[in-house]
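Worksheet: one structure, shown below.
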Amino acid sequence: MDQQPKPVVVEILGRPLQITGDIPPDRLQMVARLVDERLRELQRAFPSSPLADLAILAALNMAIEFLESKEDYQQLRTDIEKRSKQLIQKLEAHGSSSPPGP
């Protein structure tokens with residue numbers, strides 16, 4: 001029997017929000033704290049800006065960070081694959097040129 005996700009109440013900028021989703025509650029709370037922190041930083045930096053503008057700016061900043069992290073991850077993955085192939089080639093070359101073991 002499928003269990004329905006239970007609503008989780010998070011607080012962003014002092015406003016409680018009830019969210020229901022497939023994300024574990026502790027993870028959802030962590031994400032909400034991150035969003036809250038970003039919005040509070042922006043509120044301090046731009047105190048006269050409307051909340052909607054701050055939310056858009058926070059979303060843009062977080063999207064940029066996400067894309068940069070994704071690019072870094074892809075680069076690391078490419079580097080690991082390249083190095084793995086090089087190591088495999090060295091092992092294969094070494095294995096074919098070495099005498100049989102005892």
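Each chain of the structure tokens is named A, B, ... in the order shown, its residues numbered from 1; ligands are numbered from 1 in display order.
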I need the residues in chain A that are alpha helix (DSSP H) according to DSSP; give them as a PDB file with C-alpha atoms, in the first residue's frame.
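Output file selection-v7.pdb is given in full below:
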ATOM      1  CA  PRO A  25      11.222  16.016   5.893  1.00  0.00           C
ATOM      2  CA  ASP A  26      14.743  16.647   7.220  1.00  0.00           C
ATOM      3  CA  ARG A  27      16.001  17.358   3.695  1.00  0.00           C
ATOM      4  CA  LEU A  28      13.077  19.679   3.056  1.00  0.00           C
ATOM      5  CA  GLN A  29      13.842  21.551   6.284  1.00  0.00           C
ATOM      6  CA  MET A  30      17.478  21.904   5.211  1.00  0.00           C
ATOM      7  CA  VAL A  31      16.447  23.324   1.819  1.00  0.00           C
ATOM      8  CA  ALA A  32      14.031  25.727   3.490  1.00  0.00           C
ATOM      9  CA  ARG A  33      16.784  26.940   5.853  1.00  0.00           C
ATOM     10  CA  LEU A  34      19.049  27.545   2.858  1.00  0.00           C
ATOM     11  CA  VAL A  35      16.359  29.570   1.063  1.00  0.00           C
ATOM     12  CA  ASP A  36      15.614  31.480   4.268  1.00  0.00           C
ATOM     13  CA  GLU A  37      19.304  32.312   4.762  1.00  0.00           C
ATOM     14  CA  ARG A  38      19.680  33.524   1.177  1.00  0.00           C
ATOM     15  CA  LEU A  39      16.601  35.712   1.380  1.00  0.00           C
ATOM     16  CA  ARG A  40      17.714  37.198   4.695  1.00  0.00           C
ATOM     17  CA  GLU A  41      21.155  37.996   3.232  1.00  0.00           C
ATOM     18  CA  LEU A  42      19.496  39.746   0.306  1.00  0.00           C
ATOM     19  CA  GLN A  43      17.118  41.621   2.624  1.00  0.00           C
ATOM     20  CA  ARG A  44      20.110  42.948   4.548  1.00  0.00           C
ATOM     21  CA  ALA A  45      21.895  43.945   1.341  1.00  0.00           C
ATOM     22  CA  LEU A  51      10.191  40.534  -1.480  1.00  0.00           C
ATOM     23  CA  ALA A  52       9.302  39.325  -4.987  1.00  0.00           C
ATOM     24  CA  ASP A  53      12.465  40.923  -6.374  1.00  0.00           C
ATOM     25  CA  LEU A  54      14.548  39.360  -3.609  1.00  0.00           C
ATOM     26  CA  ALA A  55      13.004  35.954  -4.289  1.00  0.00           C
ATOM     27  CA  ILE A  56      13.842  36.246  -7.991  1.00  0.00           C
ATOM     28  CA  LEU A  57      17.393  37.332  -7.200  1.00  0.00           C
ATOM     29  CA  ALA A  58      17.803  34.453  -4.740  1.00  0.00           C
ATOM     30  CA  ALA A  59      16.493  31.997  -7.336  1.00  0.00           C
ATOM     31  CA  LEU A  60      18.875  33.361  -9.966  1.00  0.00           C
ATOM     32  CA  ASN A  61      21.852  33.192  -7.605  1.00  0.00           C
ATOM     33  CA  MET A  62      21.010  29.638  -6.564  1.00  0.00           C
ATOM     34  CA  ALA A  63      20.498  28.596 -10.195  1.00  0.00           C
ATOM     35  CA  ILE A  64      23.924  29.993 -11.101  1.00  0.00           C
ATOM     36  CA  GLU A  65      25.500  28.083  -8.218  1.00  0.00           C
ATOM     37  CA  PHE A  66      23.663  24.933  -9.293  1.00  0.00           C
ATOM     38  CA  LEU A  67      24.885  25.247 -12.885  1.00  0.00           C
ATOM     39  CA  GLU A  68      28.452  25.910 -11.741  1.00  0.00           C
ATOM     40  CA  SER A  69      28.321  22.853  -9.466  1.00  0.00           C
ATOM     41  CA  LYS A  70      26.877  20.763 -12.277  1.00  0.00           C
ATOM     42  CA  GLU A  71      29.646  21.900 -14.635  1.00  0.00           C
ATOM     43  CA  ASP A  72      32.286  21.171 -11.973  1.00  0.00           C
ATOM     44  CA  TYR A  73      30.787  17.722 -11.443  1.00  0.00           C
ATOM     45  CA  GLN A  74      30.817  16.992 -15.176  1.00  0.00           C
ATOM     46  CA  GLN A  75      34.434  18.153 -15.435  1.00  0.00           C
ATOM     47  CA  LEU A  76      35.461  15.957 -12.505  1.00  0.00           C
ATOM     48  CA  ARG A  77      33.648  13.030 -14.027  1.00  0.00           C
ATOM     49  CA  THR A  78      35.397  13.574 -17.357  1.00  0.00           C
ATOM     50  CA  ASP A  79      38.772  13.837 -15.597  1.00  0.00           C
ATOM     51  CA  ILE A  80      38.147  10.633 -13.641  1.00  0.00           C
ATOM     52  CA  GLU A  81      37.112   8.746 -16.779  1.00  0.00           C
ATOM     53  CA  LYS A  82      40.198   9.995 -18.645  1.00  0.00           C
ATOM     54  CA  ARG A  83      42.549   9.075 -15.792  1.00  0.00           C
ATOM     55  CA  SER A  84      40.890   5.689 -15.364  1.00  0.00           C
ATOM     56  CA  LYS A  85      41.403   4.887 -19.053  1.00  0.00           C
ATOM     57  CA  GLN A  86      45.035   5.953 -18.804  1.00  0.00           C
ATOM     58  CA  LEU A  87      45.592   3.750 -15.759  1.00  0.00           C
ATOM     59  CA  ILE A  88      43.875   0.802 -17.410  1.00  0.00           C
ATOM     60  CA  GLN A  89      46.082   1.226 -20.488  1.00  0.00           C
ATOM     61  CA  LYS A  90      49.197   1.344 -18.304  1.00  0.00           C
ATOM     62  CA  LEU A  91      48.100  -1.740 -16.389  1.00  0.00           C
ATOM     63  CA  GLU A  92      47.333  -3.604 -19.584  1.00  0.00           C
ATOM     64  CA  ALA A  93      50.683  -2.597 -21.104  1.00  0.00           C
ATOM     65  CA  HIS A  94      52.498  -3.590 -17.948  1.00  0.00           C
ATOM     66  CA  GLY A  95      50.579  -6.834 -17.672  1.00  0.00           C
ATOM     67  CA  SER A  96      51.415  -7.946 -21.207  1.00  0.00           C
ATOM     68  CA  SER A  97      55.130  -7.141 -20.874  1.00  0.00           C
TER      69      SER A  97
END
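Residues of segment 3-77 of chain A carrying a DSSP assignment of strand (DSSP E or B), computed from the backbone, are A:Val8, A:Val9, A:Val10, A:Glu11, A:Ile12, A:Arg15, A:Pro16, A:Leu17, A:Gln18, A:Ile19.
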### Query
Suppose you want the space between atom CA of Pro7 of chain A and atom CA of Gly21 of chain A; what is it in Å?
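Those two atoms sit 7.4 Å apart.
If you look at atom CA of Ser48 of chain A and atom CA of Leu17 of chain A, they are 23.8 Å away from each other.
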### Query
atom CA of Pro50 of chain A and atom CA of Glu11 of chain A are how many Å apart?
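One can read the atom CA of Pro50 of chain A to atom CA of Glu11 of chain A distance as 18.8 Å.
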